[in-house]
Amino acid sequence: MTITTPDTPHAQPLLDWYDRHHRDLPWRVTPAMAARGVKPDPYRVWLSEVMLQQTTVQVVKPYFERFLTRWPEVTDLASAESDAVMAAWAGLGYYARARNLKKCAEAVAKEHGGIFPDTEAGLKALPGIGDYTAAAVAAIAFNRRAAVMDGNVERVISRLHAIETSLPAAKPVMKDKVALMTPADRPGDFAQAMMDLGATICTPKRPACSLCLFRGSCQALKLSDPELFPVKAAKKEKPVRHGAAFIAVTGDGEILLRRRAESGLLGGMTEVPTTAWTARIDGETSVTAAPFEAAWLACGTVIHVFTHFELRLSIWRAAIAAKPTLNDGVNDEWWEPVTNLEAQALPTIMKKAIAAAIPLAFKTSKA
DNA sequence: AAGACGGGGTG
DNA sequence: CACCCAGTCTT
């Protein structure tokens, strides 16, 4: 968003607050570091922002460190094996992000000489970079006066102005307010300060208004109840789907795995053979839908909640004496040593399914 | 404009 | 349990 209006009196007090209260995060150039001449690395800013899409700071931290150690620069990521990137992303969710991360790295390496575009428009043209990430990278990495608005900022703005219009309809108005506030000096720190404020003070539940530097000008606090903002459209309930998953293990300790389709749910990730996931329980077909005849043993049910439905997966296990012939000509399934499961691109639901059949398959019981 | 798309942290 | 998170892409 092009900003032509001057910043409001909110900006400087927020920057002062940020200098005193900012969080020290692995991808962040703190004000103290900036004073020593440290410049933000666009690759790190971009990588962190993509990981942070709909994902909390705490969850992202270890993934960010592992990615940076393994692929220190965008060109390293561009030349990496896709399977390795997907396996490293496993557990973070929204796997289209990982596929687009790889595409974006390749585009930067091949079409931009390994240098990230330094404008909002140039960034937004890249895979996996939308309104938020383009503005965030432009502001934080390139000091551009871009209006950065994420869920945290939406909450702060909606309370500051007591915006009664519900989300997402209110987004354009809220973005105008952010643009009005964003200063020409230190726009990146301003954006991070707004997000820090939303994450630590202006929280969804029980906000710490007494500690907020905007307590004197917050319209929601003055006129109403900050916790009632932002107003959101009513959400619909999640349907339940059912299916069965089959864990086949040979005497040599190998398990049958397959690769999911490139697009769609868990696209490009690894799974154990499963039935289709349907609305109705079909008990009779559960075992007969197994990949092959075997003495399948029931291992209970795993429940996993996705964004738009809940999945109840019946788990079946069988000890295989001799490897059955896999589907003729279909090369998307293979036998993998159970000892090598950690290196696979297994999403959390699949780790839970395998763990239900083979309790010691993974180091952590949670996965 | 609405739906698809994960998983974990938090109260 | 519900809610929410440094959103993006497709239809």
# chains A, B, ... in the order shown; residues from 1 in each chain; ligands from 1

call {"tool": "interface_residues", "arguments": {"of": "chain C", "to": "chain A", "cutoff": "7 Å", "atoms": "only C-alpha atoms (C1' of nucleotides)", "output": "MDAnalysis selection string"}}
result
chainID C and resid 5:8

call {"tool": "write_last_selection", "arguments": {"atoms": "C-alpha atoms (C1' of nucleotides)", "output": "short mmCIF file (atom, residue, chain, number, x, y, z; two decimals), in the first residue's frame"}}
result
data_model
loop_
_atom_site.label_atom_id
_atom_site.label_comp_id
_atom_site.auth_asym_id
_atom_site.auth_seq_id
_atom_site.Cartn_x
_atom_site.Cartn_y
_atom_site.Cartn_z
"C1'" DC C 5 -2.06 -17.31 15.69
"C1'" DA C 6 3.38 -12.03 12.04
"C1'" DG C 7 -1.98 -15.42 5.85
"C1'" DT C 8 -2.11 -17.16 0.96
#

call {"tool": "residues_around", "arguments": {"residues": "stretch 29-40 of chain A", "least_positions_apart": "4", "cutoff": "7 Å", "atoms": "only C-alpha atoms (C1' of nucleotides)", "output": "JSON, numbers by chain"}}
result
{"A": [19, 24, 141]}

call {"tool": "write_last_selection", "arguments": {"atoms": "all heavy atoms", "output": "mmCIF file, in the first residue's frame"}}
result
data_model
loop_
_atom_site.group_PDB
_atom_site.id
_atom_site.type_symbol
_atom_site.label_atom_id
_atom_site.label_comp_id
_atom_site.auth_asym_id
_atom_site.auth_seq_id
_atom_site.Cartn_x
_atom_site.Cartn_y
_atom_site.Cartn_z
ATOM 1 N N ASP A 19 11.712 0.284 21.860
ATOM 2 C CA ASP A 19 13.126 0.320 22.252
ATOM 3 C C ASP A 19 13.335 -0.239 23.652
ATOM 4 O O ASP A 19 14.384 -0.803 23.955
ATOM 5 C CB ASP A 19 13.659 1.768 22.186
ATOM 6 C CG ASP A 19 13.816 2.244 20.749
ATOM 7 O OD1 ASP A 19 13.938 1.388 19.854
ATOM 8 O OD2 ASP A 19 13.824 3.476 20.525
ATOM 9 N N ASP A 24 13.496 -10.315 21.993
ATOM 10 C CA ASP A 24 14.711 -10.706 21.292
ATOM 11 C C ASP A 24 14.437 -12.018 20.559
ATOM 12 O O ASP A 24 14.383 -13.084 21.160
ATOM 13 C CB ASP A 24 15.856 -10.878 22.298
ATOM 14 C CG ASP A 24 17.199 -10.845 21.599
ATOM 15 O OD1 ASP A 24 17.208 -10.682 20.359
ATOM 16 O OD2 ASP A 24 18.222 -10.975 22.281
ATOM 17 N N ALA A 141 13.010 -5.500 6.166
ATOM 18 C CA ALA A 141 14.300 -5.768 5.526
ATOM 19 C C ALA A 141 14.794 -4.586 4.699
ATOM 20 O O ALA A 141 16.006 -4.414 4.543
ATOM 21 C CB ALA A 141 14.197 -7.019 4.648
#

call {"tool": "atom_distance", "arguments": {"atom1": "atom CA of A:Val108", "atom2": "atom CA of A:Arg186"}}
result
25.6 Å

call {"tool": "interface_residues", "arguments": {"of": "chain A", "to": "chain B", "cutoff": "9 Å", "atoms": "only C-alpha atoms (C1' of nucleotides)", "output": "PyMOL selection string"}}
result
chain A and resi 55-56+58-59+91-96+205+264-266+305-308+347-348

call {"tool": "atom_distance", "arguments": {"atom1": "atom CA of A:Arg70", "atom2": "atom CA of A:Gln344"}}
result
16.2 Å

call {"tool": "select_by_dssp", "arguments": {"residues": "stretch 146-326 of chain A", "states": "strand (DSSP E)", "output": "VMD selection string"}}
result
chain A and resid 240 to 250 254 to 259 270 to 271 297 to 305 310 to 320

call {"tool": "write_last_selection", "arguments": {"atoms": "C-alpha atoms", "output": "mmCIF file, in the first residue's frame"}}
result
data_model
loop_
_atom_site.group_PDB
_atom_site.id
_atom_site.type_symbol
_atom_site.label_atom_id
_atom_site.label_comp_id
_atom_site.auth_asym_id
_atom_site.auth_seq_id
_atom_site.Cartn_x
_atom_site.Cartn_y
_atom_site.Cartn_z
ATOM 1 C CA VAL A 240 -16.520 -34.986 11.210
ATOM 2 C CA ARG A 241 -14.899 -37.368 8.738
ATOM 3 C CA HIS A 242 -13.958 -41.004 9.255
ATOM 4 C CA GLY A 243 -11.333 -43.283 7.754
ATOM 5 C CA ALA A 244 -8.922 -46.105 8.417
ATOM 6 C CA ALA A 245 -5.119 -46.140 8.301
ATOM 7 C CA PHE A 246 -2.952 -49.211 7.850
ATOM 8 C CA ILE A 247 0.457 -49.725 9.404
ATOM 9 C CA ALA A 248 2.180 -52.713 7.782
ATOM 10 C CA VAL A 249 5.529 -53.743 9.277
ATOM 11 C CA THR A 250 7.819 -56.443 7.876
ATOM 12 C CA GLU A 254 10.133 -51.795 7.366
ATOM 13 C CA ILE A 255 6.842 -49.914 7.093
ATOM 14 C CA LEU A 256 4.742 -49.246 4.003
ATOM 15 C CA LEU A 257 4.568 -45.523 3.137
ATOM 16 C CA ARG A 258 3.179 -43.526 0.228
ATOM 17 C CA ARG A 259 3.359 -40.025 -1.139
ATOM 18 C CA THR A 270 4.190 -38.711 3.159
ATOM 19 C CA GLU A 271 1.465 -40.942 4.640
ATOM 20 C CA LEU A 297 -5.180 -55.877 14.282
ATOM 21 C CA ALA A 298 -7.205 -52.916 15.560
ATOM 22 C CA CYS A 299 -5.058 -50.329 17.380
ATOM 23 C CA GLY A 300 -7.738 -47.859 18.388
ATOM 24 C CA THR A 301 -8.765 -44.500 16.939
ATOM 25 C CA VAL A 302 -6.752 -41.324 16.422
ATOM 26 C CA ILE A 303 -8.633 -38.014 16.382
ATOM 27 C CA HIS A 304 -7.094 -35.050 14.611
ATOM 28 C CA VAL A 305 -8.619 -31.617 14.104
ATOM 29 C CA GLU A 310 -12.308 -33.259 12.358
ATOM 30 C CA LEU A 311 -10.816 -36.611 11.346
ATOM 31 C CA ARG A 312 -11.343 -39.873 13.239
ATOM 32 C CA LEU A 313 -8.918 -42.444 11.925
ATOM 33 C CA SER A 314 -9.216 -46.145 12.841
ATOM 34 C CA ILE A 315 -5.706 -47.584 13.123
ATOM 35 C CA TRP A 316 -4.883 -51.109 11.930
ATOM 36 C CA ARG A 317 -1.566 -52.923 12.253
ATOM 37 C CA ALA A 318 -0.240 -56.089 10.616
ATOM 38 C CA ALA A 319 3.043 -57.988 10.836
ATOM 39 C CA ILE A 320 4.062 -58.904 7.302
#
